[in-house]
Amino acid sequence: MATISICGSYLPGHNIHWIHGRLTLERTRYPATVTDLGDGWLHVQYLDEEIVGWCHNSDSLLAAIDSITNPSTNQATPSSGPMVLITPLPDETVMYEPRFRVLYVTCPGPDGTPGGSRQLGYIAEDPRPCALKTVERGE
C-alpha cells in the first residue's frame, strides 16, 4: 500500500463540495478566457468583467485547456512561463460562473465529440493552505 497526501479543504481555491458543484450547474455560466499568471494565479475574463484569483488545481485546469487547444497530442504541453494566454475556445468549452467563482473546462470525449470530462476550479481571492489528509492506496 502506498500512502499519499491529498488536499481535503473545501475552502475557496481548493476542492468543490458536490452540493456547491450542483448549485453552480443550475446557474448561468459565461464563456471565458483564461491567462496563467503562475503559482496558481489565473486571470479570468468573461463578458465585460475580469477577475484575478488563485486555485490550487490551476495546473489541471490549464492542462485540460491545453489538451483542447493541442488535440494532436491529446495531452498537456508545459507552458513556457507566466502570462501564457489561453485563447477562447469553441462550443463553450471554458465557462465561468461568477457568483460561486467556479471555472469550468469541458474536454471532448475520447472520440472527439463534445461532452467529455469536466474540470472545475474553485477560484479564491487569496491563497489558503491545503488541509492535507493522508490516504492509503492499494498498488
# chains A, B, ... in the order shown; residues from 1 in each chain; ligands from 1

$ residues_around --residues "range 38-45 of chain A" --least-positions-apart "5" --cutoff "7 Å" --atoms "only C-alpha atoms" --output "PyMOL selection string"
chain A and resi 32-33+50-56+58+82

$ residues_around --residues "Leu61 in chain A" --least-positions-apart "2" --cutoff "12 Å" --atoms "only C-alpha atoms" --output "ChimeraX atom specification"
/A:34-36,40-42,54-59,63-68,76,86,93-95,102-107,117-123

$ residues_around --residues "Thr24 in chain A" --least-positions-apart "3" --cutoff "7 Å" --atoms "only C-alpha atoms" --output "list in words"
His20, Gly21, Arg27, Glu97 and Phe100 of chain A

$ closest_residue --among "A:Ile6, A:Cys130, A:Leu23, A:Leu11" --to "Arg99 in chain A" --atoms "only C-alpha atoms"
A:Leu23

$ atom_distance --atom1 "CA of Pro127 in chain A" --atom2 "CA of Arg101 in chain A"
14.0 Å
